[in-house]
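Data first, discussion second: the structure below is written as structure tokens.
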Amino acid sequence: MGAARKALWYIESHFAENPSLAQIAAAVELSPFHLSRLFQVSTGTSMARYLRGRRLTEAARTLASGGTAILDVALGAGYASHAAFTHAFTEQFKRAPEQVRREGLAGLGLVEAIRLDAPALPCELEPVRRRVAGFRVAGVCARHTAATVASIPSQWQQLALTRELGRDIAYGVCCNRDAEGAFDYIAGMEIGASAAVPAAWGAVTVPGGEYLVAWHAGHISAIRETWFWLLNDFLPGSGLTLADAPDFERYDARFDDRSGKGGVEIWLPLGEMG
């Protein structure tokens with residue numbers, strides 16, 4: 001069983017206890033940051049959002065079946081008070097618990113257990129470890145969630161329109177992640193440490209250190225499958241630890257932005273155990 005499936009099993013077996021990310025990560029023997037990245041890549045949602053949705057979905061089913069006091073349902077779902085539960089429930093479903101008790105589950109956006117069948121695409125070349133000095137990247141920046149990641153290619157289109165992409169190396173940097181799975185993606189290029197950043201662009205400093213470098217040889221649209229293999233299969237079996245730092249894709253002259261072919265490097269920051 002892969003690490004992502006172990007995490008899903010643990011959540012499904014313990015969500016009424018409202019386990020923390022650290023507890024789930026310990027159960028599957030990954031760092032919390034590594035597990036967060038893996039869960040997002042493999043399921044398309046953040047662990048916090050999924051765990052909350054599963055707890056509230058089962059609470060909604062209990063309410064709709066009747067016979068249990070709302071406070072008891074709240075406590076059983078891991079909430080300390082009727083008010084905290086009502087706020088979370090209403091935010092999740094856009095209906096109050098009392099309304100679901102009266103009207104049932106019809107039309108409610110329940111969060112069902114995920115059955116993970118995500119494909120893994122092993123790298124054709126063995127990933128290698130490299131040490132790199134820190135550098136700064138600036139470019140078209142946007143905040144993303146699982147619902148908006150399909151729009152990332154449009155950032156590259158915007159960057160290309162500036163004609164700044166006439167350089168051999170470009171970077172796609174993922175940074176500033178939060179517990180809900182949102183992150184900033186910068187499609188850009190390396191700039192000097194003190195260079196001015198064009199208006200409306202974003203910038204990030206990629207820290208120096210040791211990275212795991214993998215080669216995605218397929219079409220760029222299949223890069224998620226390579227990410228899944230790295231996070232779910234390769235890293236857990238390697239003894240390496242993923243650091244809580246920006247990761248990035250490195251596009252060099254081999255990549256053809258017209259066809260999406262040619263391959264791209266994936267750089268993952270390694271922690272102290274690496």
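Labels used: A, B, ... for chains in the order of the structure tokens, numbers from 1 for residues in each chain, and numbers from 1 for ligands as shown.
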
For A:Trp267: contacts at 12 Å, only C-alpha atoms, fewer than 5 positions along chain excluded, given as a VMD selection string | chain A and resid 127 to 132 171 to 174 206 to 216 226 to 227 230 to 231 242 to 243 245 to 251

Using the selection just defined, write its residues with N, CA and C atoms as a tab-separated table (two decimals), in the first residue's frame.
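Dumped to part.tsv:
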```tsv
chain	number	residue	atom	x	y	z
A	127	PRO	N	16.41	9.42	-10.30
A	127	PRO	CA	16.60	10.75	-9.73
A	127	PRO	C	17.96	10.86	-9.02
A	128	VAL	N	18.54	12.03	-9.04
A	128	VAL	CA	19.86	12.24	-8.43
A	128	VAL	C	19.78	13.37	-7.41
A	129	ARG	N	20.75	13.43	-6.53
A	129	ARG	CA	20.83	14.49	-5.53
A	129	ARG	C	21.85	15.52	-5.99
A	130	ARG	N	21.46	16.79	-5.90
A	130	ARG	CA	22.35	17.87	-6.28
A	130	ARG	C	22.28	18.98	-5.24
A	131	ARG	N	23.39	19.66	-5.05
A	131	ARG	CA	23.43	20.81	-4.17
A	131	ARG	C	23.52	22.07	-5.02
A	132	VAL	N	22.73	23.07	-4.68
A	132	VAL	CA	22.68	24.29	-5.48
A	132	VAL	C	22.69	25.50	-4.56
A	171	TYR	N	11.72	28.80	-14.94
A	171	TYR	CA	11.37	28.07	-13.72
A	171	TYR	C	9.88	28.21	-13.42
A	172	GLY	N	9.31	27.11	-12.97
A	172	GLY	CA	7.97	27.15	-12.41
A	172	GLY	C	8.08	26.80	-10.94
A	173	VAL	N	7.89	27.79	-10.07
A	173	VAL	CA	8.15	27.62	-8.64
A	173	VAL	C	6.84	27.57	-7.86
A	174	CYS	N	6.69	26.54	-7.00
A	174	CYS	CA	5.55	26.42	-6.10
A	174	CYS	C	6.01	26.83	-4.71
A	206	VAL	N	14.64	31.08	-3.90
A	206	VAL	CA	14.73	29.64	-3.73
A	206	VAL	C	15.98	29.37	-2.88
A	207	PRO	N	15.83	28.77	-1.72
A	207	PRO	CA	16.98	28.61	-0.83
A	207	PRO	C	18.00	27.62	-1.38
A	208	GLY	N	19.26	27.87	-1.08
A	208	GLY	CA	20.30	26.93	-1.44
A	208	GLY	C	20.21	25.67	-0.59
A	209	GLY	N	20.79	24.59	-1.05
A	209	GLY	CA	20.77	23.35	-0.30
A	209	GLY	C	20.78	22.16	-1.22
A	210	GLU	N	20.42	21.01	-0.66
A	210	GLU	CA	20.42	19.78	-1.43
A	210	GLU	C	19.01	19.49	-1.96
A	211	TYR	N	18.96	19.09	-3.21
A	211	TYR	CA	17.69	18.81	-3.88
A	211	TYR	C	17.74	17.43	-4.53
A	212	LEU	N	16.56	16.82	-4.62
A	212	LEU	CA	16.41	15.63	-5.45
A	212	LEU	C	15.95	16.11	-6.82
A	213	VAL	N	16.67	15.73	-7.86
A	213	VAL	CA	16.38	16.19	-9.21
A	213	VAL	C	15.92	15.00	-10.05
A	214	ALA	N	14.71	15.11	-10.58
A	214	ALA	CA	14.13	14.04	-11.38
A	214	ALA	C	13.83	14.57	-12.78
A	215	TRP	N	13.84	13.67	-13.74
A	215	TRP	CA	13.60	14.05	-15.13
A	215	TRP	C	12.26	13.51	-15.58
A	216	HIS	N	11.34	14.40	-15.92
A	216	HIS	CA	10.04	14.02	-16.50
A	216	HIS	C	10.20	14.08	-18.01
A	226	THR	N	4.25	11.97	-12.71
A	226	THR	CA	5.63	11.86	-12.25
A	226	THR	C	5.76	12.38	-10.83
A	227	TRP	N	5.10	13.51	-10.55
A	227	TRP	CA	5.10	14.03	-9.18
A	227	TRP	C	4.56	12.97	-8.21
A	230	LEU	N	7.13	10.28	-7.52
A	230	LEU	CA	8.22	10.77	-6.67
A	230	LEU	C	7.79	10.85	-5.20
A	231	LEU	N	6.61	11.40	-4.95
A	231	LEU	CA	6.16	11.62	-3.59
A	231	LEU	C	5.62	10.37	-2.92
A	242	LEU	N	11.57	15.22	2.60
A	242	LEU	CA	11.23	16.43	1.85
A	242	LEU	C	11.20	17.62	2.79
A	243	ALA	N	11.90	18.69	2.44
A	243	ALA	CA	11.95	19.89	3.28
A	243	ALA	C	10.75	20.81	3.00
A	245	ALA	N	10.01	23.82	1.89
A	245	ALA	CA	10.63	24.89	1.12
A	245	ALA	C	10.05	24.86	-0.28
A	246	PRO	N	10.26	25.91	-1.07
A	246	PRO	CA	9.74	25.88	-2.45
A	246	PRO	C	10.32	24.72	-3.25
A	247	ASP	N	9.50	24.14	-4.10
A	247	ASP	CA	9.99	23.18	-5.08
A	247	ASP	C	9.77	23.80	-6.45
A	248	PHE	N	10.44	23.27	-7.46
A	248	PHE	CA	10.33	23.93	-8.75
A	248	PHE	C	10.57	22.99	-9.93
A	249	GLU	N	10.05	23.41	-11.07
A	249	GLU	CA	10.33	22.76	-12.35
A	249	GLU	C	11.34	23.64	-13.08
A	250	ARG	N	12.29	23.01	-13.74
A	250	ARG	CA	13.32	23.75	-14.47
A	250	ARG	C	13.23	23.38	-15.95
A	251	TYR	N	12.90	24.38	-16.75
A	251	TYR	CA	12.73	24.18	-18.19
A	251	TYR	C	13.96	24.73	-18.91
```

Near A:Ile152, counting only C-alpha atoms, which residues have an atom at most 10 Å away, once you skip same-chain residues fewer than 2 positions from it, shown as a ChimeraX atom specification?
-> /A:140-144,148-150,154-157,172,185-187

Would you give me, as a short mmCIF file (atom, residue, chain, number, x, y, z; two decimals) with N, CA and C atoms, in the first residue's frame, the residues in stretch 31-260 of chain A that DSSP reads as helix (DSSP H, G or I)?
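Dumped to part_3.cif:
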```cif
data_model
loop_
_atom_site.label_atom_id
_atom_site.label_comp_id
_atom_site.auth_asym_id
_atom_site.auth_seq_id
_atom_site.Cartn_x
_atom_site.Cartn_y
_atom_site.Cartn_z
N PRO A 32 5.26 15.88 7.95
CA PRO A 32 3.98 16.56 7.65
C PRO A 32 4.00 17.29 6.32
N PHE A 33 5.10 17.98 6.00
CA PHE A 33 5.16 18.70 4.74
C PHE A 33 5.11 17.75 3.55
N HIS A 34 5.86 16.66 3.63
CA HIS A 34 5.85 15.67 2.55
C HIS A 34 4.44 15.12 2.36
N LEU A 35 3.78 14.75 3.45
CA LEU A 35 2.44 14.19 3.34
C LEU A 35 1.46 15.21 2.76
N SER A 36 1.60 16.47 3.13
CA SER A 36 0.71 17.51 2.57
C SER A 36 0.88 17.59 1.06
N ARG A 37 2.12 17.59 0.59
CA ARG A 37 2.38 17.66 -0.85
C ARG A 37 1.84 16.44 -1.56
N LEU A 38 2.09 15.26 -0.99
CA LEU A 38 1.62 14.01 -1.59
C LEU A 38 0.11 13.98 -1.66
N PHE A 39 -0.56 14.37 -0.59
CA PHE A 39 -2.01 14.30 -0.55
C PHE A 39 -2.62 15.23 -1.60
N GLN A 40 -2.07 16.43 -1.71
CA GLN A 40 -2.58 17.39 -2.68
C GLN A 40 -2.41 16.87 -4.10
N VAL A 41 -1.21 16.34 -4.40
CA VAL A 41 -0.94 15.84 -5.75
C VAL A 41 -1.80 14.64 -6.09
N SER A 42 -2.00 13.74 -5.14
CA SER A 42 -2.69 12.49 -5.44
C SER A 42 -4.20 12.59 -5.41
N THR A 43 -4.76 13.54 -4.64
CA THR A 43 -6.22 13.62 -4.52
C THR A 43 -6.81 14.89 -5.12
N MET A 47 -5.35 18.00 2.68
CA MET A 47 -5.73 17.07 3.73
C MET A 47 -6.68 17.72 4.73
N ALA A 48 -6.43 18.97 5.08
CA ALA A 48 -7.31 19.65 6.04
C ALA A 48 -8.73 19.76 5.51
N ARG A 49 -8.85 20.11 4.24
CA ARG A 49 -10.19 20.26 3.63
C ARG A 49 -10.91 18.91 3.55
N TYR A 50 -10.16 17.87 3.17
CA TYR A 50 -10.77 16.54 3.05
C TYR A 50 -11.19 16.00 4.41
N LEU A 51 -10.31 16.13 5.40
CA LEU A 51 -10.63 15.63 6.74
C LEU A 51 -11.85 16.34 7.30
N ARG A 52 -11.91 17.65 7.14
CA ARG A 52 -13.08 18.41 7.62
C ARG A 52 -14.34 17.97 6.88
N GLY A 53 -14.23 17.79 5.57
CA GLY A 53 -15.39 17.38 4.78
C GLY A 53 -15.91 16.01 5.16
N ARG A 54 -14.99 15.07 5.45
CA ARG A 54 -15.44 13.73 5.84
C ARG A 54 -16.12 13.76 7.20
N ARG A 55 -15.55 14.48 8.15
CA ARG A 55 -16.16 14.56 9.48
C ARG A 55 -17.55 15.16 9.39
N LEU A 56 -17.69 16.25 8.64
CA LEU A 56 -18.99 16.92 8.55
C LEU A 56 -19.99 16.13 7.72
N THR A 57 -19.52 15.38 6.74
CA THR A 57 -20.42 14.54 5.95
C THR A 57 -21.06 13.46 6.82
N GLU A 58 -20.26 12.80 7.64
CA GLU A 58 -20.83 11.77 8.51
C GLU A 58 -21.72 12.39 9.57
N ALA A 59 -21.38 13.60 10.00
CA ALA A 59 -22.26 14.30 10.93
C ALA A 59 -23.60 14.62 10.28
N ALA A 60 -23.57 15.03 9.02
CA ALA A 60 -24.80 15.33 8.28
C ALA A 60 -25.67 14.07 8.17
N ARG A 61 -25.06 12.94 7.92
CA ARG A 61 -25.82 11.69 7.83
C ARG A 61 -26.47 11.36 9.17
N THR A 62 -25.75 11.59 10.24
CA THR A 62 -26.30 11.33 11.57
C THR A 62 -27.47 12.26 11.84
N LEU A 63 -27.33 13.53 11.48
CA LEU A 63 -28.43 14.48 11.68
C LEU A 63 -29.66 14.09 10.89
N ALA A 64 -29.44 13.71 9.63
CA ALA A 64 -30.58 13.38 8.76
C ALA A 64 -31.31 12.13 9.24
N SER A 65 -30.61 11.25 9.94
CA SER A 65 -31.27 10.03 10.43
C SER A 65 -32.12 10.29 11.66
N ILE A 70 -28.15 17.65 18.50
CA ILE A 70 -27.13 18.31 17.68
C ILE A 70 -25.83 18.48 18.45
N LEU A 71 -25.90 18.77 19.73
CA LEU A 71 -24.67 18.91 20.52
C LEU A 71 -23.91 17.59 20.55
N ASP A 72 -24.62 16.49 20.67
CA ASP A 72 -23.95 15.18 20.68
C ASP A 72 -23.30 14.90 19.33
N VAL A 73 -23.96 15.30 18.25
CA VAL A 73 -23.38 15.14 16.92
C VAL A 73 -22.13 15.99 16.80
N ALA A 74 -22.20 17.22 17.32
CA ALA A 74 -21.06 18.12 17.27
C ALA A 74 -19.86 17.53 18.01
N LEU A 75 -20.11 17.03 19.22
CA LEU A 75 -19.02 16.45 20.01
C LEU A 75 -18.45 15.21 19.33
N GLY A 76 -19.33 14.41 18.73
CA GLY A 76 -18.88 13.22 18.03
C GLY A 76 -18.06 13.52 16.80
N HIS A 82 -21.69 23.58 20.29
CA HIS A 82 -22.74 23.66 19.28
C HIS A 82 -22.44 24.78 18.31
N ALA A 83 -21.96 25.92 18.81
CA ALA A 83 -21.71 27.09 17.95
C ALA A 83 -20.58 26.82 16.95
N ALA A 84 -19.49 26.20 17.42
CA ALA A 84 -18.36 25.92 16.52
C ALA A 84 -18.78 24.93 15.44
N PHE A 85 -19.54 23.93 15.82
CA PHE A 85 -20.01 22.95 14.85
C PHE A 85 -20.95 23.59 13.83
N THR A 86 -21.89 24.40 14.29
CA THR A 86 -22.84 25.04 13.38
C THR A 86 -22.12 25.94 12.38
N HIS A 87 -21.13 26.67 12.84
CA HIS A 87 -20.37 27.54 11.94
C HIS A 87 -19.66 26.72 10.87
N ALA A 88 -18.95 25.66 11.27
CA ALA A 88 -18.22 24.83 10.31
C ALA A 88 -19.18 24.11 9.37
N PHE A 89 -20.27 23.60 9.89
CA PHE A 89 -21.25 22.86 9.10
C PHE A 89 -21.89 23.77 8.05
N THR A 90 -22.28 24.96 8.46
CA THR A 90 -22.92 25.90 7.54
C THR A 90 -21.95 26.37 6.47
N GLU A 91 -20.70 26.57 6.84
CA GLU A 91 -19.69 26.97 5.87
C GLU A 91 -19.45 25.86 4.85
N GLN A 92 -19.48 24.61 5.30
CA GLN A 92 -19.22 23.48 4.41
C GLN A 92 -20.38 23.24 3.45
N PHE A 93 -21.60 23.25 3.96
CA PHE A 93 -22.76 22.82 3.17
C PHE A 93 -23.72 23.93 2.78
N PRO A 97 -27.28 22.95 10.52
CA PRO A 97 -27.60 21.59 10.96
C PRO A 97 -29.09 21.36 11.17
N GLU A 98 -29.77 22.35 11.72
CA GLU A 98 -31.21 22.18 11.94
C GLU A 98 -31.96 21.97 10.64
N GLN A 99 -31.52 22.65 9.58
CA GLN A 99 -32.18 22.51 8.28
C GLN A 99 -31.97 21.11 7.71
N VAL A 100 -30.77 20.58 7.86
CA VAL A 100 -30.50 19.22 7.37
C VAL A 100 -31.29 18.20 8.17
N ARG A 101 -31.43 18.43 9.46
CA ARG A 101 -32.24 17.52 10.27
C ARG A 101 -33.69 17.49 9.78
N ARG A 102 -34.21 18.66 9.39
CA ARG A 102 -35.60 18.73 8.93
C ARG A 102 -35.78 18.19 7.51
N GLU A 103 -34.84 18.56 6.62
CA GLU A 103 -35.04 18.34 5.18
C GLU A 103 -34.24 17.18 4.60
N VAL A 149 -5.65 24.88 -10.71
CA VAL A 149 -4.32 24.52 -11.22
C VAL A 149 -4.29 24.34 -12.74
N ALA A 150 -5.44 24.01 -13.33
CA ALA A 150 -5.46 23.82 -14.78
C ALA A 150 -5.16 25.12 -15.53
N SER A 151 -5.22 26.25 -14.83
CA SER A 151 -4.95 27.53 -15.49
C SER A 151 -3.48 27.92 -15.44
N ILE A 152 -2.63 27.10 -14.84
CA ILE A 152 -1.21 27.44 -14.77
C ILE A 152 -0.58 27.67 -16.14
N PRO A 153 -0.91 26.86 -17.17
CA PRO A 153 -0.32 27.14 -18.49
C PRO A 153 -0.57 28.57 -19.00
N SER A 154 -1.66 29.19 -18.57
CA SER A 154 -1.93 30.55 -19.02
C SER A 154 -0.90 31.54 -18.47
N GLN A 155 -0.30 31.20 -17.31
CA GLN A 155 0.75 32.07 -16.77
C GLN A 155 1.98 32.05 -17.68
N TRP A 156 2.28 30.88 -18.22
CA TRP A 156 3.41 30.80 -19.15
C TRP A 156 3.13 31.58 -20.43
N GLN A 157 1.85 31.55 -20.84
CA GLN A 157 1.47 32.32 -22.02
C GLN A 157 1.67 33.81 -21.76
N GLN A 158 1.26 34.27 -20.57
CA GLN A 158 1.46 35.68 -20.22
C GLN A 158 2.93 36.04 -20.19
N LEU A 159 3.75 35.14 -19.64
CA LEU A 159 5.18 35.40 -19.57
C LEU A 159 5.79 35.48 -20.97
N ALA A 160 5.36 34.57 -21.84
CA ALA A 160 5.89 34.57 -23.21
C ALA A 160 5.54 35.85 -23.95
N LEU A 161 4.38 36.42 -23.65
CA LEU A 161 3.97 37.65 -24.32
C LEU A 161 4.86 38.83 -23.96
N ILE A 220 4.21 17.44 -21.06
CA ILE A 220 4.07 18.25 -19.86
C ILE A 220 2.73 18.03 -19.17
N SER A 221 1.70 17.66 -19.93
CA SER A 221 0.39 17.44 -19.34
C SER A 221 0.36 16.24 -18.39
N ALA A 222 1.38 15.36 -18.48
CA ALA A 222 1.43 14.16 -17.63
C ALA A 222 2.37 14.34 -16.44
N ILE A 223 2.81 15.57 -16.17
CA ILE A 223 3.79 15.77 -15.11
C ILE A 223 3.23 15.43 -13.73
N ARG A 224 1.92 15.52 -13.54
CA ARG A 224 1.33 15.17 -12.24
C ARG A 224 1.61 13.71 -11.89
N GLU A 225 1.61 12.82 -12.90
CA GLU A 225 1.87 11.41 -12.64
C GLU A 225 3.29 11.18 -12.17
N THR A 226 4.25 11.97 -12.71
CA THR A 226 5.63 11.86 -12.25
C THR A 226 5.76 12.38 -10.83
N TRP A 227 5.10 13.51 -10.55
CA TRP A 227 5.10 14.03 -9.18
C TRP A 227 4.56 12.97 -8.21
N PHE A 228 3.48 12.31 -8.59
CA PHE A 228 2.86 11.31 -7.73
C PHE A 228 3.84 10.17 -7.44
N TRP A 229 4.55 9.71 -8.47
CA TRP A 229 5.51 8.63 -8.27
C TRP A 229 6.63 9.06 -7.34
N LEU A 230 7.13 10.28 -7.52
CA LEU A 230 8.22 10.77 -6.67
C LEU A 230 7.79 10.85 -5.20
N LEU A 231 6.61 11.40 -4.95
CA LEU A 231 6.16 11.62 -3.59
C LEU A 231 5.62 10.37 -2.92
N ASN A 232 4.97 9.51 -3.70
CA ASN A 232 4.30 8.34 -3.14
C ASN A 232 5.18 7.10 -3.12
N ASP A 233 6.05 6.95 -4.10
CA ASP A 233 6.83 5.73 -4.24
C ASP A 233 8.33 5.93 -4.00
N PHE A 234 8.94 6.85 -4.76
CA PHE A 234 10.39 6.96 -4.71
C PHE A 234 10.89 7.50 -3.37
N LEU A 235 10.40 8.66 -2.95
CA LEU A 235 10.91 9.27 -1.72
C LEU A 235 10.68 8.42 -0.48
N PRO A 236 9.47 7.86 -0.26
CA PRO A 236 9.28 7.04 0.94
C PRO A 236 10.22 5.84 0.99
N GLY A 237 10.59 5.30 -0.16
CA GLY A 237 11.49 4.15 -0.17
C GLY A 237 12.96 4.50 -0.18
N SER A 238 13.26 5.78 -0.29
CA SER A 238 14.65 6.20 -0.42
C SER A 238 15.30 6.58 0.91
#
```

Would you please give, as a PyMOL selection string, all residues of stretch 109-243 of chain A that DSSP assigns to strand (DSSP E) based on the backbone?
-> chain A and resi 128-132+135-144+170-175+183-191+202-206+209-216

Quick one: residues within 12 Å of A:Pro198, only C-alpha atoms counted, chain neighbours fewer than 2 positions away excluded, as an NGL selection string?
-> :A and (137-141 or 159 or 162 or 164 or 188 or 191 or 195-196 or 200-203)

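For the set A:Ala25, A:Ala170, A:Ala106, A:Ala147, the residue with the smallest atom-to-atom gap to A:Met189 is A:Ala170, counting only C-alpha atoms.
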
Any idea what's packed within 9 Å of A:Thr241, counting only C-alpha atoms, ignoring anything in its chain fewer than 5 positions away? Could you give it as a ChimeraX atom specification?
-> /A:30-31,34,235-236,269-274
